[in-house]
Amino acid sequence: MPQVNKLRTALSGGPGGDTAPPSLVRLRIALTLFFALDGFLFAGWVVRIPAIKHQTGATASTLGLALLGVSAGAVITMMLTGRLCRRYGSHAVTVVCGVLLSLSIALPAQTGSALTLGLVLLLFGAAYGGMNVAMNSAAVDLVTAMRRPVMPSFHAAFSLGGMAGAGLGGLVAGSLSPATHLLALTGIGLLVTAATGPLLMSSRAAAPPPPEPAAGTAEQPRKMGTRARRIVVLFGVIALCTAYGEGALAEWGALHLSQDLDAAPGLAAAGYSLFALTMAIGRLSGTALLERFGQTRTLVTGGVTAAAGMLLGALAPPVWLALLGFAVAGLGLANIFPVAVGRAGALAGPSGVAAASTLGYGGMLLGPPVIGFLADWFSLPVALTTVTLLAATAAVLGYAARNAGNT
């Protein structure tokens, strides 16, 4: 496959040891903790969705509408967060959103109807969407300053946090009410934010290194032309296709295992934990994979693997086989989102990252409501096969975009 691919990977840092100055190392640690906290809190919410569905008496379609509150709040905030980051700095916005996310996670368990659930999820989604855009903006600047392709490591922290949050949720699902569990998560989130926030706030935003003079080439596209904008949208759609699957598994995976396969609450919660674990493993090895195989092979192979795994996870009758499918899907999806966002950023700078990230996270947040409607019209297993369809689409688009870096 054409070599666009070699990730500009070695964004001049090479695969060698981390030679970043201590200030960048501290900033990387702080950002990693916020990514992990984001995944931890989000997973803690999603594993209690079956219990909150029962508490509110929602059907699959009304639950889907309520979950649209997360999507609406997040997408609206994502469109504004870029401006807030430019005005107040991505570090400050990350900390504020961390506080809001920690506080708002306790609210869903206090609701008694799908309507009130949807309203409080607007706030939760706004905090979640703002935190994701702010964190990724700070991470992109840090990756550029470090001159090493370490973006997958931040997303690995999100997945590890998700695994921990889902694992904890599985352990307490049978003994703690959703209200007690989510209130405890509020306390954990505020403690982590209080401990890590000052470190992030005291670190200056990582400034990109000055451009190196290059004979005959000017590779600093900061304004997107028409063709560049189309390619950024293409990468954004790739991110959307795969983030759709992550959102679907996060918010419907546990319900599928418990409702369709009669899994116990703890085992149902373990489904997302296993998915998050394999995704974290894939992302921890992401830099090495990208340097060895290039971006196109990583995108295509990941999309095909995720499609096969999700088909198994959605349609396999035994619980253990569905869990295996979730694990394979996690491995396949692991690096597609970071690669798509990274290539958009390499082409069009921060504006490319913002556009691709917003499209991608939009897919993650719009997927669950779509699954809810399809589950009511057909069935939840059939609705989950849409993840397979979109993962395969991402593989095709990834191959089609193999020469995009030659723009």
# chains A, B, ... in the order shown; residues from 1 in each chain; ligands from 1

$ residues_around --residues "stretch 384-401 of chain A" --least-positions-apart "4" --cutoff "7 Å" --atoms "only C-alpha atoms" --output "list in words"
Ile238, Cys241, Thr242, Tyr244, Gly245, Thr296, Leu299, Val300, Gly303, Val304, Ala306, Ala307, Ala308, Met310, Leu311, Ala314, Ile371 and Leu380 of chain A

$ residues_around --residues "A:Ala173" --least-positions-apart "3" --cutoff "8 Å" --atoms "only C-alpha atoms" --output "compact mmCIF listing (two decimals) with all heavy atoms, in the first residue's frame"
# COMPACT_ATOMS: atom_id res chain seq x y z
N ARG A 48 -24.47 1.17 34.38
CA ARG A 48 -25.71 1.25 35.18
C ARG A 48 -26.92 1.59 34.34
O ARG A 48 -28.02 1.78 34.87
CB ARG A 48 -25.55 2.30 36.29
CG ARG A 48 -24.43 2.03 37.27
CD ARG A 48 -24.34 0.57 37.76
NE ARG A 48 -25.47 0.09 38.49
CZ ARG A 48 -25.49 -0.12 39.81
NH1 ARG A 48 -24.40 0.10 40.52
NH2 ARG A 48 -26.57 -0.59 40.40
N GLY A 169 -17.97 -1.14 38.27
CA GLY A 169 -19.42 -1.19 38.16
C GLY A 169 -19.94 -2.61 38.21
O GLY A 169 -20.97 -2.89 38.83
N GLY A 170 -19.22 -3.53 37.57
CA GLY A 170 -19.63 -4.93 37.61
C GLY A 170 -19.55 -5.50 39.01
O GLY A 170 -20.40 -6.29 39.43
N LEU A 176 -24.79 -2.40 45.28
CA LEU A 176 -25.05 -0.97 45.45
C LEU A 176 -26.11 -0.50 44.48
O LEU A 176 -26.14 -0.92 43.32
CB LEU A 176 -23.77 -0.16 45.21
CG LEU A 176 -22.64 -0.25 46.24
CD1 LEU A 176 -21.50 0.67 45.85
CD2 LEU A 176 -23.14 0.10 47.64
N SER A 177 -26.96 0.42 44.93
CA SER A 177 -27.94 1.02 44.04
C SER A 177 -27.22 1.95 43.07
O SER A 177 -26.11 2.43 43.35
CB SER A 177 -28.96 1.82 44.85
OG SER A 177 -28.33 2.95 45.43
N PRO A 178 -27.85 2.23 41.91
CA PRO A 178 -27.23 3.18 40.98
C PRO A 178 -26.94 4.53 41.63
O PRO A 178 -25.91 5.15 41.36
CB PRO A 178 -28.26 3.31 39.86
CG PRO A 178 -29.03 2.03 39.89
CD PRO A 178 -29.07 1.63 41.34
N PRO A 265 -25.92 -9.51 36.13
CA PRO A 265 -25.50 -8.10 36.07
C PRO A 265 -23.98 -7.91 36.03
O PRO A 265 -23.47 -7.11 35.25
CB PRO A 265 -26.11 -7.49 37.34
CG PRO A 265 -27.30 -8.33 37.62
CD PRO A 265 -26.94 -9.72 37.20
N GLY A 266 -23.26 -8.66 36.88
CA GLY A 266 -21.80 -8.52 36.90
C GLY A 266 -21.17 -8.95 35.59
O GLY A 266 -20.26 -8.29 35.08

$ atom_distance --atom1 "atom CA of A:Leu65" --atom2 "atom CA of A:Asp260"
20.9 Å

$ residues_around --residues "A:Gly247" --least-positions-apart "2" --cutoff "7 Å" --atoms "only C-alpha atoms" --output "ChimeraX atom specification"
/A:243-245,249-251,364-365,367-368

$ closest_residue --among "A:Ala114, A:Ile105, A:Val232, A:Leu321" --to "A:Ile188" --atoms "only C-alpha atoms"
A:Ile105

$ residues_around --residues "A:Ala184" --least-positions-apart "5" --cutoff "9 Å" --atoms "only C-alpha atoms" --output "tab-separated table (two decimals) with all heavy atoms, in the first residue's frame"
chain	number	residue	atom	x	y	z
A	106	ALA	N	-23.78	11.99	38.85
A	106	ALA	CA	-24.69	11.53	39.90
A	106	ALA	C	-26.16	11.77	39.55
A	106	ALA	O	-27.05	11.17	40.17
A	106	ALA	CB	-24.36	12.22	41.22
A	179	ALA	N	-27.83	4.99	42.52
A	179	ALA	CA	-27.64	6.31	43.15
A	179	ALA	C	-26.37	6.32	44.00
A	179	ALA	O	-25.56	7.25	43.93
A	179	ALA	CB	-28.86	6.66	44.00
A	189	GLY	N	-14.24	11.40	41.12
A	189	GLY	CA	-13.91	12.35	40.05
A	189	GLY	C	-13.43	13.68	40.59
A	189	GLY	O	-12.46	14.26	40.09

$ closest_residue --among "A:Leu41, A:Gly345, A:Thr62, A:Ala51" --to "A:Val370" --atoms "only C-alpha atoms"
A:Thr62

$ select_by_dssp --residues "stretch 22-264 of chain A" --states "alpha helix (DSSP H)" --output "ChimeraX atom specification"
/A:22-46,49-56,60-88,90-104,114-146,151-172,178-202,226-255

$ residues_around --residues "A:Gly187" --least-positions-apart "5" --cutoff "10 Å" --atoms "only C-alpha atoms" --output "JSON, numbers by chain"
{"A": [102, 103, 106, 182, 192, 193]}

$ write_last_selection --atoms "N, CA, C and O atoms" --output "PDB file, in the first residue's frame"
ATOM      1  N   SER A 102     -17.805  15.253  36.770  1.00  0.00           N
ATOM      2  CA  SER A 102     -17.874  14.539  38.043  1.00  0.00           C
ATOM      3  C   SER A 102     -19.181  14.827  38.771  1.00  0.00           C
ATOM      4  O   SER A 102     -19.781  13.930  39.381  1.00  0.00           O
ATOM      5  N   LEU A 103     -19.629  16.078  38.741  1.00  0.00           N
ATOM      6  CA  LEU A 103     -20.870  16.436  39.418  1.00  0.00           C
ATOM      7  C   LEU A 103     -22.092  15.878  38.699  1.00  0.00           C
ATOM      8  O   LEU A 103     -23.039  15.390  39.325  1.00  0.00           O
ATOM      9  N   ALA A 106     -23.782  11.994  38.851  1.00  0.00           N
ATOM     10  CA  ALA A 106     -24.694  11.530  39.900  1.00  0.00           C
ATOM     11  C   ALA A 106     -26.157  11.769  39.554  1.00  0.00           C
ATOM     12  O   ALA A 106     -27.052  11.170  40.167  1.00  0.00           O
ATOM     13  N   LEU A 182     -23.144   5.945  41.609  1.00  0.00           N
ATOM     14  CA  LEU A 182     -22.800   7.140  40.833  1.00  0.00           C
ATOM     15  C   LEU A 182     -22.397   8.309  41.729  1.00  0.00           C
ATOM     16  O   LEU A 182     -21.553   9.132  41.345  1.00  0.00           O
ATOM     17  N   VAL A 192      -9.838  13.269  42.026  1.00  0.00           N
ATOM     18  CA  VAL A 192      -8.808  13.181  40.986  1.00  0.00           C
ATOM     19  C   VAL A 192      -8.601  14.538  40.329  1.00  0.00           C
ATOM     20  O   VAL A 192      -7.468  14.967  40.070  1.00  0.00           O
ATOM     21  N   THR A 193      -9.693  15.251  40.061  1.00  0.00           N
ATOM     22  CA  THR A 193      -9.579  16.575  39.446  1.00  0.00           C
ATOM     23  C   THR A 193      -8.853  17.544  40.371  1.00  0.00           C
ATOM     24  O   THR A 193      -8.008  18.332  39.927  1.00  0.00           O
TER      25      THR A 193
END

$ closest_residue --among "A:Ala375, A:Leu84, A:Leu333, A:Leu100" --to "A:Ala134" --atoms "only C-alpha atoms"
A:Leu84

$ decode --residues "stretch 149-185 of chain A" --atoms "N, CA, C and O atoms" --output "short mmCIF file (atom, residue, chain, number, x, y, z; two decimals), in the first residue's frame"
data_model
loop_
_atom_site.label_atom_id
_atom_site.label_comp_id
_atom_site.auth_asym_id
_atom_site.auth_seq_id
_atom_site.Cartn_x
_atom_site.Cartn_y
_atom_site.Cartn_z
N PRO A 149 4.95 10.34 18.07
CA PRO A 149 3.54 10.00 17.83
C PRO A 149 2.93 9.23 19.00
O PRO A 149 2.65 8.04 18.91
N VAL A 150 2.69 9.93 20.11
CA VAL A 150 2.21 9.27 21.33
C VAL A 150 0.70 9.43 21.53
O VAL A 150 0.19 9.09 22.59
N MET A 151 0.00 9.94 20.53
CA MET A 151 -1.45 10.15 20.69
C MET A 151 -2.18 8.88 21.10
O MET A 151 -3.08 8.93 21.95
N PRO A 152 -1.86 7.69 20.54
CA PRO A 152 -2.59 6.50 20.98
C PRO A 152 -2.47 6.22 22.47
O PRO A 152 -3.37 5.61 23.06
N SER A 153 -1.40 6.67 23.11
CA SER A 153 -1.24 6.40 24.54
C SER A 153 -2.30 7.13 25.37
O SER A 153 -2.76 6.62 26.39
N PHE A 154 -2.70 8.32 24.93
CA PHE A 154 -3.75 9.04 25.65
C PHE A 154 -5.08 8.31 25.51
O PHE A 154 -5.85 8.17 26.48
N HIS A 155 -5.36 7.84 24.30
CA HIS A 155 -6.61 7.10 24.10
C HIS A 155 -6.56 5.74 24.79
O HIS A 155 -7.59 5.21 25.20
N ALA A 156 -5.36 5.18 24.97
CA ALA A 156 -5.22 3.96 25.76
C ALA A 156 -5.59 4.24 27.21
O ALA A 156 -6.23 3.41 27.87
N ALA A 157 -5.20 5.40 27.73
CA ALA A 157 -5.56 5.76 29.09
C ALA A 157 -7.07 5.87 29.24
O ALA A 157 -7.65 5.43 30.26
N PHE A 158 -7.74 6.44 28.23
CA PHE A 158 -9.20 6.49 28.25
C PHE A 158 -9.78 5.08 28.33
O PHE A 158 -10.70 4.80 29.11
N SER A 159 -9.24 4.17 27.52
CA SER A 159 -9.76 2.80 27.50
C SER A 159 -9.48 2.09 28.82
O SER A 159 -10.32 1.34 29.32
N LEU A 160 -8.28 2.29 29.39
CA LEU A 160 -7.96 1.67 30.68
C LEU A 160 -8.86 2.22 31.78
O LEU A 160 -9.32 1.48 32.66
N GLY A 161 -9.13 3.53 31.72
CA GLY A 161 -10.07 4.09 32.67
C GLY A 161 -11.46 3.51 32.50
O GLY A 161 -12.15 3.22 33.48
N GLY A 162 -11.86 3.32 31.23
CA GLY A 162 -13.15 2.69 30.97
C GLY A 162 -13.21 1.27 31.49
O GLY A 162 -14.22 0.84 32.05
N MET A 163 -12.11 0.52 31.32
CA MET A 163 -12.07 -0.84 31.83
C MET A 163 -12.21 -0.85 33.36
O MET A 163 -12.96 -1.64 33.93
N ALA A 164 -11.49 0.07 34.02
CA ALA A 164 -11.57 0.14 35.48
C ALA A 164 -12.97 0.54 35.93
O ALA A 164 -13.52 -0.04 36.89
N GLY A 165 -13.56 1.53 35.25
CA GLY A 165 -14.90 1.96 35.63
C GLY A 165 -15.93 0.87 35.42
O GLY A 165 -16.82 0.67 36.25
N ALA A 166 -15.83 0.15 34.30
CA ALA A 166 -16.78 -0.93 34.04
C ALA A 166 -16.55 -2.09 35.00
O ALA A 166 -17.50 -2.73 35.47
N GLY A 167 -15.27 -2.38 35.29
CA GLY A 167 -14.97 -3.47 36.24
C GLY A 167 -15.51 -3.17 37.62
O GLY A 167 -16.12 -4.02 38.27
N LEU A 168 -15.31 -1.93 38.08
CA LEU A 168 -15.85 -1.54 39.38
C LEU A 168 -17.37 -1.60 39.37
O LEU A 168 -18.01 -2.09 40.32
N GLY A 169 -17.97 -1.14 38.27
CA GLY A 169 -19.42 -1.19 38.16
C GLY A 169 -19.94 -2.61 38.21
O GLY A 169 -20.97 -2.89 38.83
N GLY A 170 -19.22 -3.53 37.57
CA GLY A 170 -19.63 -4.93 37.61
C GLY A 170 -19.55 -5.50 39.01
O GLY A 170 -20.40 -6.29 39.43
N LEU A 171 -18.53 -5.11 39.76
CA LEU A 171 -18.36 -5.63 41.12
C LEU A 171 -19.47 -5.15 42.06
O LEU A 171 -19.91 -5.90 42.94
N VAL A 172 -19.91 -3.89 41.87
CA VAL A 172 -20.88 -3.33 42.82
C VAL A 172 -22.31 -3.38 42.30
O VAL A 172 -23.23 -2.99 43.02
N ALA A 173 -22.50 -3.87 41.05
CA ALA A 173 -23.84 -3.83 40.45
C ALA A 173 -24.87 -4.58 41.28
O ALA A 173 -26.04 -4.17 41.36
N GLY A 174 -24.46 -5.68 41.89
CA GLY A 174 -25.43 -6.48 42.66
C GLY A 174 -25.62 -6.01 44.08
O GLY A 174 -26.55 -6.46 44.75
N SER A 175 -24.76 -5.11 44.58
CA SER A 175 -24.82 -4.74 45.99
C SER A 175 -25.13 -3.26 46.22
O SER A 175 -25.65 -2.90 47.28
N LEU A 176 -24.79 -2.40 45.28
CA LEU A 176 -25.05 -0.97 45.45
C LEU A 176 -26.11 -0.50 44.48
O LEU A 176 -26.14 -0.92 43.32
N SER A 177 -26.96 0.42 44.93
CA SER A 177 -27.94 1.02 44.04
C SER A 177 -27.22 1.95 43.07
O SER A 177 -26.11 2.43 43.35
N PRO A 178 -27.85 2.23 41.91
CA PRO A 178 -27.23 3.18 40.98
C PRO A 178 -26.94 4.53 41.63
O PRO A 178 -25.91 5.15 41.36
N ALA A 179 -27.83 4.99 42.52
CA ALA A 179 -27.64 6.31 43.15
C ALA A 179 -26.37 6.32 44.00
O ALA A 179 -25.56 7.25 43.93
N THR A 180 -26.18 5.27 44.80
CA THR A 180 -25.00 5.21 45.66
C THR A 180 -23.73 5.09 44.83
O THR A 180 -22.72 5.76 45.10
N HIS A 181 -23.77 4.22 43.82
CA HIS A 181 -22.61 4.00 42.97
C HIS A 181 -22.19 5.28 42.25
O HIS A 181 -21.02 5.69 42.29
N LEU A 182 -23.14 5.94 41.61
CA LEU A 182 -22.80 7.14 40.83
C LEU A 182 -22.40 8.31 41.73
O LEU A 182 -21.55 9.13 41.35
N LEU A 183 -22.96 8.38 42.94
CA LEU A 183 -22.53 9.42 43.87
C LEU A 183 -21.09 9.17 44.31
O LEU A 183 -20.30 10.12 44.47
N ALA A 184 -20.74 7.91 44.49
CA ALA A 184 -19.35 7.59 44.82
C ALA A 184 -18.42 7.99 43.68
O ALA A 184 -17.30 8.48 43.92
N LEU A 185 -18.86 7.81 42.44
CA LEU A 185 -18.05 8.23 41.30
C LEU A 185 -17.86 9.75 41.27
O LEU A 185 -16.81 10.24 40.86
#
